[in-house]
$ cat model.cif   # mmCIF, C-alpha atoms
data_final
loop_
_atom_site.label_atom_id
_atom_site.label_comp_id
_atom_site.auth_asym_id
_atom_site.auth_seq_id
_atom_site.Cartn_x
_atom_site.Cartn_y
_atom_site.Cartn_z
CA MET C 832 0.12 14.46 -26.39
CA THR C 833 -0.07 13.86 -22.62
CA ILE C 834 2.75 12.46 -20.46
CA ARG C 835 1.59 9.53 -18.35
CA ALA C 836 3.26 7.48 -15.61
CA VAL C 837 2.78 3.96 -16.97
CA VAL C 838 3.17 0.77 -14.94
CA LYS C 839 5.98 -1.28 -16.51
CA GLY C 840 6.64 -3.83 -13.77
CA ILE C 841 5.01 -5.21 -10.62
CA GLY C 842 6.42 -7.39 -7.85
CA HIS C 843 6.09 -8.32 -4.20
CA TYR C 844 7.80 -10.12 -1.36
CA LEU C 845 6.47 -11.80 1.77
CA PRO C 846 8.61 -13.05 4.68
CA ASP C 847 8.80 -16.83 5.05
CA ARG C 848 7.20 -16.99 8.50
CA ILE C 849 3.43 -17.48 8.31
CA VAL C 850 1.48 -16.84 11.52
CA SER C 851 -2.04 -18.26 11.61
CA ASN C 852 -4.88 -17.16 13.86
CA ALA C 853 -4.43 -20.43 15.74
CA ASP C 854 -0.79 -19.49 16.37
CA LEU C 855 -1.92 -16.20 17.90
CA GLU C 856 -4.29 -18.00 20.26
CA ALA C 857 -1.18 -19.13 22.13
CA LEU C 858 0.14 -15.55 22.43
CA VAL C 859 -2.92 -13.45 23.21
CA ASP C 860 -6.46 -13.84 24.54
CA THR C 861 -8.20 -14.32 21.19
CA THR C 862 -9.71 -16.96 18.94
CA ASP C 863 -9.65 -17.73 15.26
CA GLU C 864 -13.39 -17.07 15.09
CA TRP C 865 -13.06 -13.68 16.81
CA ILE C 866 -10.36 -12.54 14.34
CA ARG C 867 -12.13 -13.84 11.21
CA THR C 868 -15.49 -12.37 12.21
CA ARG C 869 -14.14 -8.89 12.85
CA SER C 870 -11.49 -8.62 10.15
CA GLY C 871 -11.61 -11.50 7.67
CA ILE C 872 -7.95 -12.23 8.45
CA GLU C 873 -6.84 -15.88 8.64
CA ARG C 874 -3.04 -15.58 8.57
CA ARG C 875 -0.24 -13.07 8.11
CA HIS C 876 3.53 -13.02 7.52
CA PHE C 877 6.09 -11.81 10.04
CA ALA C 878 9.64 -10.74 9.25
CA ALA C 879 12.43 -12.88 10.65
CA GLU C 880 14.72 -11.63 13.38
CA GLY C 881 17.19 -9.25 11.77
CA GLN C 882 15.09 -8.89 8.61
CA MET C 883 14.43 -5.19 8.12
CA THR C 884 11.88 -3.18 6.15
CA SER C 885 14.56 -2.27 3.61
CA ASP C 886 15.27 -5.99 3.08
CA LEU C 887 11.62 -6.67 2.25
CA ALA C 888 11.50 -3.58 0.04
CA THR C 889 14.62 -4.64 -1.85
CA ARG C 890 13.20 -8.10 -2.59
CA ALA C 891 9.96 -6.58 -3.90
CA ALA C 892 11.95 -4.06 -5.95
CA LEU C 893 14.01 -6.80 -7.59
CA ALA C 894 10.82 -8.66 -8.51
CA ALA C 895 9.30 -5.52 -10.08
CA LEU C 896 12.51 -4.73 -11.96
CA ALA C 897 12.67 -8.28 -13.33
CA ASP C 898 9.04 -8.03 -14.41
CA ALA C 899 9.86 -4.78 -16.25
CA GLY C 900 13.03 -6.23 -17.80
CA LEU C 901 15.12 -3.47 -16.23
CA GLU C 902 18.28 -3.12 -14.13
CA PRO C 903 18.64 -0.92 -11.03
CA ASP C 904 20.66 1.71 -12.90
CA ASP C 905 17.80 2.09 -15.38
CA ILE C 906 15.85 3.75 -12.53
CA ASP C 907 15.99 7.49 -11.88
CA ALA C 908 14.29 7.60 -8.48
CA ILE C 909 13.15 5.32 -5.66
CA ILE C 910 10.25 6.23 -3.39
CA VAL C 911 9.55 3.99 -0.40
CA ALA C 912 6.25 4.37 1.43
CA THR C 913 6.73 3.12 5.00
CA SER C 914 5.98 3.89 8.63
CA THR C 915 8.51 1.32 9.85
CA PRO C 916 11.90 2.36 8.45
CA ASP C 917 14.98 0.52 9.66
CA LEU C 918 16.28 3.68 11.36
CA THR C 919 15.01 7.18 12.07
CA PHE C 920 17.38 8.19 9.28
CA PRO C 921 18.70 7.70 6.66
CA SER C 922 15.62 6.82 4.66
CA ALA C 923 14.71 3.23 3.87
CA ALA C 924 14.76 4.28 0.21
CA THR C 925 18.47 5.12 0.30
CA MET C 926 19.10 1.76 1.97
CA VAL C 927 17.20 0.03 -0.85
CA GLN C 928 19.21 2.07 -3.36
CA GLY C 929 22.42 0.80 -1.77
CA LYS C 930 21.26 -2.81 -1.59
CA LEU C 931 20.26 -2.72 -5.25
CA GLY C 932 23.73 -1.42 -6.16
CA MET C 933 22.09 1.59 -7.81
CA THR C 934 24.77 4.26 -8.33
CA ARG C 935 22.68 7.02 -9.88
CA GLY C 936 19.45 8.89 -9.30
CA PHE C 937 17.88 9.74 -5.93
CA ALA C 938 15.77 8.10 -3.24
CA PHE C 939 13.44 9.21 -0.45
CA ASP C 940 10.68 7.96 1.85
CA VAL C 941 7.02 8.96 2.09
CA GLN C 942 5.19 8.57 5.41
CA ALA C 943 1.40 8.58 5.22
CA VAL C 944 0.87 5.30 7.09
CA CYS C 945 -1.62 3.00 5.32
CA ALA C 946 -2.22 5.63 2.61
CA GLY C 947 1.52 5.86 1.99
CA PHE C 948 1.57 4.01 -1.31
CA VAL C 949 -1.15 6.27 -2.76
CA PHE C 950 0.84 9.34 -1.71
CA ALA C 951 4.05 7.81 -3.10
CA MET C 952 2.36 7.17 -6.45
CA ALA C 953 1.26 10.81 -6.53
CA ASN C 954 4.85 11.90 -5.94
CA ALA C 955 6.13 9.56 -8.65
CA GLN C 956 3.52 10.85 -11.08
CA ALA C 957 4.62 14.44 -10.37
CA LEU C 958 8.29 13.58 -10.97
CA ILE C 959 7.50 11.93 -14.29
CA VAL C 960 5.08 14.57 -15.58
CA SER C 961 7.52 17.37 -14.64
CA GLU C 962 10.28 15.40 -16.44
CA GLN C 963 12.42 15.17 -13.30
CA ALA C 964 12.50 11.40 -13.80
CA THR C 965 11.74 8.93 -16.59
CA ARG C 966 11.50 5.79 -14.46
CA VAL C 967 10.50 5.67 -10.78
CA LEU C 968 10.50 2.62 -8.55
CA VAL C 969 7.64 2.97 -6.03
CA ILE C 970 7.68 0.59 -3.07
CA GLY C 971 5.38 0.03 -0.12
CA ALA C 972 7.11 -1.93 2.65
CA GLU C 973 6.35 -2.50 6.32
CA THR C 974 7.34 -4.53 9.39
CA PHE C 975 4.32 -3.61 11.51
CA SER C 976 4.74 -6.74 13.64
CA ARG C 977 7.39 -4.77 15.53
CA LEU C 978 4.89 -2.07 16.55
CA MET C 979 2.37 -4.44 18.13
CA ASP C 980 1.32 -4.40 21.76
CA TRP C 981 0.81 -8.10 22.39
CA LYS C 982 -1.46 -7.32 25.33
CA ASP C 983 -3.92 -5.48 23.06
CA ARG C 984 -5.92 -8.18 21.28
CA SER C 985 -7.94 -5.60 19.36
CA THR C 986 -4.93 -4.51 17.30
CA CYS C 987 -2.10 -7.05 17.49
CA VAL C 988 -3.99 -9.67 15.46
CA LEU C 989 -4.66 -7.34 12.54
CA PHE C 990 -1.25 -6.54 11.09
CA GLY C 991 1.44 -8.28 9.08
CA ASP C 992 4.69 -7.63 7.24
CA GLY C 993 5.41 -7.50 3.52
CA ALA C 994 6.35 -5.37 0.53
CA GLY C 995 5.09 -4.60 -2.95
CA ALA C 996 6.59 -2.53 -5.74
CA VAL C 997 5.82 -1.04 -9.13
CA VAL C 998 8.05 0.46 -11.79
CA LEU C 999 6.55 3.56 -13.38
CA GLU C 1000 7.87 4.80 -16.71
CA ALA C 1001 7.09 7.93 -18.72
CA GLY C 1002 4.72 7.23 -21.59
CA THR C 1003 2.42 9.27 -23.77
CA GLY C 1004 -1.28 9.25 -24.50
CA ASP C 1005 -3.92 11.37 -26.12
CA GLY C 1006 -5.18 12.70 -22.79
CA SER C 1007 -8.28 10.50 -22.66
CA ASN C 1008 -9.31 7.98 -20.02
CA ALA C 1009 -8.35 5.26 -22.51
CA ASP C 1010 -4.64 6.06 -21.96
CA ARG C 1011 -2.44 3.64 -20.06
CA GLY C 1012 -0.91 4.83 -16.80
CA ILE C 1013 -1.99 6.99 -13.89
CA LEU C 1014 -5.13 8.86 -14.95
CA ALA C 1015 -6.35 10.59 -11.79
CA ILE C 1016 -5.31 11.15 -8.16
CA ASP C 1017 -7.16 12.43 -5.10
CA LEU C 1018 -5.35 13.07 -1.78
CA HIS C 1019 -6.52 14.24 1.65
CA SER C 1020 -5.47 14.54 5.27
CA ASP C 1021 -7.07 15.88 8.45
CA GLY C 1022 -4.88 16.18 11.52
CA ARG C 1023 -7.86 16.66 13.83
CA PHE C 1024 -8.18 12.87 13.84
CA LYS C 1025 -4.56 12.03 14.69
CA ASP C 1026 -5.54 10.31 17.95
CA LEU C 1027 -7.67 7.68 16.20
CA LEU C 1028 -4.66 5.74 14.90
CA TYR C 1029 -1.11 6.42 16.02
CA VAL C 1030 2.06 5.02 17.59
CA ASP C 1031 2.76 6.27 21.12
CA GLY C 1032 6.50 6.65 20.60
CA GLY C 1033 9.14 8.60 18.71
CA VAL C 1034 11.85 11.13 19.41
CA SER C 1035 9.56 12.87 21.95
CA THR C 1036 9.50 9.74 24.11
CA GLY C 1037 12.85 8.15 23.36
CA ALA C 1038 11.15 4.83 22.56
CA THR C 1039 9.70 3.24 19.42
CA GLY C 1040 6.24 2.92 20.97
CA LYS C 1041 3.27 0.71 20.13
CA LEU C 1042 0.34 1.06 17.77
CA ARG C 1043 -2.89 2.47 19.26
CA MET C 1044 -6.21 2.51 17.45
CA HIS C 1045 -9.83 3.43 18.09
CA GLY C 1046 -11.21 0.77 15.79
CA LYS C 1047 -14.88 1.76 15.62
CA GLU C 1048 -14.09 5.37 14.75
CA VAL C 1049 -11.48 4.37 12.16
CA PHE C 1050 -14.02 2.00 10.58
CA ARG C 1051 -16.61 4.77 10.32
CA HIS C 1052 -14.20 7.22 8.72
CA ALA C 1053 -12.78 4.56 6.40
CA VAL C 1054 -16.04 3.53 4.75
CA GLU C 1055 -17.14 7.11 4.22
CA LYS C 1056 -13.83 8.55 3.06
CA LEU C 1057 -12.66 5.66 0.87
CA ALA C 1058 -15.81 5.61 -1.22
CA GLN C 1059 -15.77 9.40 -1.44
CA THR C 1060 -12.16 9.65 -2.65
CA ALA C 1061 -12.69 6.89 -5.22
CA HIS C 1062 -15.77 8.67 -6.59
CA THR C 1063 -13.79 11.91 -6.77
CA SER C 1064 -10.92 10.36 -8.74
CA LEU C 1065 -13.30 8.64 -11.14
CA GLY C 1066 -15.34 11.83 -11.48
CA LYS C 1067 -12.27 13.68 -12.75
CA LEU C 1068 -12.36 11.27 -15.70
CA GLY C 1069 -16.11 11.33 -16.19
CA LEU C 1070 -16.29 7.72 -14.99
CA THR C 1071 -18.21 5.78 -12.32
CA GLY C 1072 -17.88 2.47 -10.52
CA ASP C 1073 -19.55 0.79 -13.51
CA ASP C 1074 -16.46 1.58 -15.60
CA VAL C 1075 -14.01 0.00 -13.13
CA ASP C 1076 -12.51 -3.40 -13.93
CA TRP C 1077 -10.96 -3.86 -10.48
CA ILE C 1078 -10.78 -2.16 -7.13
CA VAL C 1079 -7.42 -2.89 -5.51
CA PRO C 1080 -8.02 -1.46 -2.02
CA HIS C 1081 -5.95 -1.08 1.08
CA GLN C 1082 -6.31 -4.45 2.80
CA ALA C 1083 -7.21 -3.44 6.35
CA ASN C 1084 -10.46 -5.23 7.08
CA LEU C 1085 -12.80 -7.32 4.92
CA ARG C 1086 -15.86 -5.48 6.24
CA ILE C 1087 -14.37 -2.11 5.24
CA ILE C 1088 -13.47 -3.47 1.79
CA ALA C 1089 -16.98 -4.84 1.24
CA ALA C 1090 -18.74 -1.72 2.53
CA THR C 1091 -16.61 0.55 0.33
CA ALA C 1092 -17.25 -1.59 -2.76
CA HIS C 1093 -20.99 -1.48 -2.01
CA LYS C 1094 -20.93 2.32 -1.82
CA MET C 1095 -19.10 2.39 -5.16
CA HIS C 1096 -21.66 0.00 -6.70
CA VAL C 1097 -18.88 -2.45 -7.59
CA PRO C 1098 -19.53 -6.16 -6.90
CA MET C 1099 -17.04 -8.06 -4.76
CA ASP C 1100 -16.07 -10.27 -7.71
CA ARG C 1101 -14.34 -7.17 -9.10
CA VAL C 1102 -12.39 -6.46 -5.90
CA VAL C 1103 -8.92 -7.93 -5.29
CA VAL C 1104 -8.95 -9.28 -1.73
CA THR C 1105 -5.79 -10.54 -0.01
CA VAL C 1106 -6.44 -9.49 3.59
CA GLN C 1107 -7.25 -13.08 4.60
CA ASP C 1108 -3.68 -14.16 3.77
CA HIS C 1109 -1.62 -11.09 4.67
CA GLY C 1110 -3.51 -9.07 7.26
CA ASN C 1111 -3.05 -5.32 7.21
CA THR C 1112 0.40 -4.57 5.78
CA SER C 1113 -0.18 -0.80 5.84
CA ALA C 1114 1.61 0.98 2.96
CA ALA C 1115 2.58 -2.38 1.43
CA SER C 1116 -0.98 -3.66 1.08
CA ILE C 1117 -1.99 -2.05 -2.24
CA PRO C 1118 1.12 -2.95 -4.28
CA LEU C 1119 1.15 -6.38 -2.64
CA ALA C 1120 -2.49 -6.96 -3.58
CA LEU C 1121 -1.88 -5.62 -7.09
CA SER C 1122 1.00 -8.05 -7.61
CA VAL C 1123 -0.90 -11.01 -6.16
CA GLY C 1124 -3.98 -10.08 -8.20
CA ARG C 1125 -1.89 -10.04 -11.35
CA ASP C 1126 -0.33 -13.39 -10.48
CA ARG C 1127 -3.80 -14.87 -9.93
CA GLY C 1128 -4.85 -13.76 -13.41
CA GLN C 1129 -7.33 -11.20 -12.07
CA VAL C 1130 -5.88 -7.84 -13.10
CA LYS C 1131 -4.58 -7.65 -16.67
CA SER C 1132 -3.02 -5.18 -19.06
CA GLY C 1133 -5.60 -2.63 -20.17
CA ASP C 1134 -7.75 -2.95 -17.03
CA LEU C 1135 -9.02 0.19 -15.31
CA ILE C 1136 -8.07 -0.05 -11.64
CA VAL C 1137 -8.97 2.07 -8.62
CA THR C 1138 -6.74 1.95 -5.56
CA GLU C 1139 -7.81 3.65 -2.33
CA ALA C 1140 -6.46 3.75 1.20
CA ILE C 1141 -6.84 5.45 4.57
CA GLY C 1142 -4.29 5.62 7.36
CA GLY C 1143 -3.19 7.45 10.46
CA GLY C 1144 -3.22 11.22 10.32
CA LEU C 1145 -5.87 10.74 9.16
CA THR C 1146 -4.59 10.51 5.59
CA TRP C 1147 -6.54 9.10 2.67
CA GLY C 1148 -6.67 9.10 -1.09
CA SER C 1149 -7.09 7.20 -4.33
CA VAL C 1150 -5.40 6.62 -7.66
CA VAL C 1151 -7.02 5.55 -10.93
CA ILE C 1152 -4.67 3.58 -13.18
CA ARG C 1153 -5.05 1.81 -16.50
CA LEU C 1154 -2.55 -1.04 -16.61
#
$ encode --input "model.cif" --output "structure tokens"
Amino acid sequence: MTIRAVVKGIGHYLPDRIVSNADLEALVDTTDEWIRTRSGIERRHFAAEGQMTSDLATRAALAALADAGLEPDDIDAIIVATSTPDLTFPSAATMVQGKLGMTRGFAFDVQAVCAGFVFAMANAQALIVSEQATRVLVIGAETFSRLMDWKDRSTCVLFGDGAGAVVLEAGTGDGSNADRGILAIDLHSDGRFKDLLYVDGGVSTGATGKLRMHGKEVFRHAVEKLAQTAHTSLGKLGLTGDDVDWIVPHQANLRIIAATAHKMHVPMDRVVVTVQDHGNTSAASIPLALSVGRDRGQVKSGDLIVTEAIGGGLTWGSVVIRL
């Protein structure tokens, strides 16, 4: 018998404000065609004034809990993956815990930028397998619109706000790749590349700062490393891209998504794509895409899913899950 972290509920939340490419033409020197051609993005959601990352995370958490048929106090731990917490501390996760009215368990944040949700899932898996927790609420939530430099048209048009969440619960299997739950994980980081994608602020500067990115270099690393980590995770199970029902990738750029799928020998009709509607929501993008893909009728119970992401650090990794 093998303990598995099984997905019991999925949910997401998007702020009400939708910002189209045409809307951005009035704010920055860009065009709808320029944005679509380079990223595939058509629109994105921005949080309202006063609406914080923990607010988005809480809404997504409630949706995932409802999907699982659970109450907040049924949860043992909350992990929030975010690079845009409400405050330097306490963690966004403890704020979500408070807003849910959850009076037991523990909560903490994970910061691995766009790869944050993958790293958070790895932490949740470890808690469940080690029997430190039976149910873990894993959330990716971001308000990246507040990190944008609106004079930098190469980055400010790419990002959006949102949140997605999953409830993981301890289950058992026979140890084969036919089990439900998290089957394999592969994680990496390499701090030599920290200057390729970063925010130029923090406690060292006394200001929040703005996002900075060397897009061409990030693109090159992304295509290579995302395909590689996905192959590694699948290889641990003796599987290949042919065995995958769906890739649910980090939604950064349509060209990166397509190039990675091509390297994995998975056709685009087996890739969940939401970047056109949400932009890059960083750590929120995988759970958000998973929830939307489920709502569309794409991903279903029993499907073998690969998630992969790369973010600042650089950090990257993948998780193979059977729903």
$ closest_atom_pairs --input "model.cif" --of "segment 897-991 of chain C" --to "segment 839-846 of chain C" --cutoff "10 Å" --atoms "all atoms listed in the file" --output "CSV"
residue,atom,partner,partner_atom,distance
C:Ala897,CA,C:Gly840,CA,7.5
C:Asp898,CA,C:Gly840,CA,4.9
C:Ala899,CA,C:Gly840,CA,4.2
C:Gly900,CA,C:Gly840,CA,7.9
C:Leu901,CA,C:Gly840,CA,8.8
C:Arg966,CA,C:Lys839,CA,9.2
C:Leu968,CA,C:Gly840,CA,9.2
C:Val969,CA,C:Ile841,CA,9.7
C:Ile970,CA,C:His843,CA,9.1
C:Gly971,CA,C:His843,CA,9.3
C:Ala972,CA,C:Tyr844,CA,9.1
C:Thr974,CA,C:Pro846,CA,9.8
C:Gly991,CA,C:Leu845,CA,9.5
$ axis_aligned_box --input "model.cif" --around "segment 879-882 of chain C" --padding-each-side "5 Å" --output "JSON"
{"center_x": 14.8, "center_y": -10.9, "center_z": 11.0, "size_x": 14.8, "size_y": 14.0, "size_z": 14.8}
$ residues_around --input "model.cif" --residues "Arg977 of chain C" --least-positions-apart "4" --cutoff "9 Å" --atoms "only C-alpha atoms" --output "PyMOL selection string"
chain C and resi 878+915+1041
$ closest_residue --input "model.cif" --among "C:Met933, C:Ala892, C:Ala951, C:Leu1014" --to "Thr833 of chain C" --atoms "all atoms listed in the file"
C:Leu1014
$ residues_around --input "model.cif" --residues "Val988 of chain C" --least-positions-apart "6" --cutoff "9 Å" --atoms "only C-alpha atoms" --output "number ranges by chain"
C: 852, 855, 859, 861, 866, 872, 875, 979, 981, 1110
$ atom_distance --input "model.cif" --atom1 "atom CA of Ser870 of chain C" --atom2 "atom CA of Ile1152 of chain C"
27.2 Å
$ closest_residue --input "model.cif" --among "C:Thr1039, C:Ser914, C:Val998, C:Asp1073" --to "Ala946 of chain C" --atoms "all atoms listed in the file"
C:Ser914
$ atom_distance --input "model.cif" --atom1 "atom CA of Gly1069 of chain C" --atom2 "atom CA of Ala1009 of chain C"
11.7 Å
$ atom_distance --input "model.cif" --atom1 "atom CA of Phe975 of chain C" --atom2 "atom CA of Val1104 of chain C"
19.6 Å
$ closest_residue --input "model.cif" --among "C:Val1150, C:Ala879, C:Met832, C:Leu887" --to "Val850 of chain C" --atoms "all atoms listed in the file"
C:Ala879
$ decode --input "model.cif" --residues "segment 872-951 of chain C" --atoms "C-alpha atoms" --output "short mmCIF file (atom, residue, chain, number, x, y, z; two decimals), in the first residue's frame"
data_model
loop_
_atom_site.label_atom_id
_atom_site.label_comp_id
_atom_site.auth_asym_id
_atom_site.auth_seq_id
_atom_site.Cartn_x
_atom_site.Cartn_y
_atom_site.Cartn_z
CA ILE C 872 -2.63 37.08 -24.69
CA GLU C 873 -5.91 38.86 -25.51
CA ARG C 874 -7.13 39.96 -22.08
CA ARG C 875 -6.37 39.63 -18.38
CA HIS C 876 -8.03 40.34 -15.01
CA PHE C 877 -6.86 42.99 -12.56
CA ALA C 878 -7.70 43.11 -8.87
CA ALA C 879 -9.85 45.99 -7.68
CA GLU C 880 -8.45 48.73 -5.48
CA GLY C 881 -8.20 47.31 -1.97
CA GLN C 882 -8.56 43.72 -3.18
CA MET C 883 -5.54 41.81 -1.89
CA THR C 884 -3.86 38.55 -2.86
CA SER C 885 -5.29 36.88 0.26
CA ASP C 886 -8.80 37.93 -0.85
CA LEU C 887 -8.35 36.22 -4.22
CA ALA C 888 -6.82 33.18 -2.52
CA THR C 889 -9.71 32.91 -0.08
CA ARG C 890 -12.30 32.97 -2.87
CA ALA C 891 -10.45 30.22 -4.76
CA ALA C 892 -10.10 28.22 -1.54
CA LEU C 893 -13.83 28.40 -0.85
CA ALA C 894 -14.56 27.16 -4.38
CA ALA C 895 -12.16 24.21 -3.97
CA LEU C 896 -13.59 23.35 -0.55
CA ALA C 897 -17.14 23.41 -1.93
CA ASP C 898 -16.06 21.17 -4.80
CA ALA C 899 -14.58 18.72 -2.27
CA GLY C 900 -17.65 18.90 -0.01
CA LEU C 901 -15.50 20.04 2.91
CA GLU C 902 -15.45 22.81 5.52
CA PRO C 903 -12.40 24.90 6.47
CA ASP C 904 -11.89 23.03 9.74
CA ASP C 905 -11.64 19.76 7.79
CA ILE C 906 -8.27 21.06 6.52
CA ASP C 907 -5.01 20.40 8.35
CA ALA C 908 -2.73 22.79 6.46
CA ILE C 909 -2.86 25.68 3.98
CA ILE C 910 0.01 26.40 1.60
CA VAL C 911 -0.17 29.56 -0.50
CA ALA C 912 2.20 29.95 -3.43
CA THR C 913 2.64 33.67 -4.11
CA SER C 914 5.20 36.35 -4.89
CA THR C 915 2.73 39.14 -4.11
CA PRO C 916 1.65 38.68 -0.48
CA ASP C 917 -0.44 41.40 1.13
CA LEU C 918 2.38 42.24 3.54
CA THR C 919 6.01 41.25 4.03
CA PHE C 920 4.66 39.24 6.95
CA PRO C 921 2.58 37.54 8.22
CA SER C 922 2.11 35.06 5.41
CA ALA C 923 -0.79 35.29 3.00
CA ALA C 924 -1.63 31.73 4.06
CA THR C 925 -2.31 32.75 7.66
CA MET C 926 -4.50 35.57 6.36
CA VAL C 927 -6.46 33.05 4.27
CA GLN C 928 -6.72 30.82 7.34
CA GLY C 929 -8.23 33.71 9.28
CA LYS C 930 -10.62 34.72 6.51
CA LEU C 931 -11.84 31.13 6.20
CA GLY C 932 -12.51 31.04 9.95
CA MET C 933 -10.22 28.02 10.22
CA THR C 934 -9.31 27.54 13.89
CA ARG C 935 -7.00 24.54 13.63
CA GLY C 936 -4.00 23.34 11.66
CA PHE C 937 -1.20 25.49 10.24
CA ALA C 938 -0.50 27.72 7.26
CA PHE C 939 2.54 29.03 5.38
CA ASP C 940 3.62 30.56 2.07
CA VAL C 941 5.92 29.21 -0.63
CA GLN C 942 7.81 31.66 -2.87
CA ALA C 943 9.15 30.24 -6.12
CA VAL C 944 7.56 32.83 -8.42
CA CYS C 945 5.83 31.23 -11.43
CA ALA C 946 6.95 27.75 -10.31
CA GLY C 947 5.45 28.37 -6.87
CA PHE C 948 2.44 26.11 -7.26
CA VAL C 949 4.62 23.17 -8.33
CA PHE C 950 6.82 23.70 -5.27
CA ALA C 951 3.74 24.06 -3.04
#
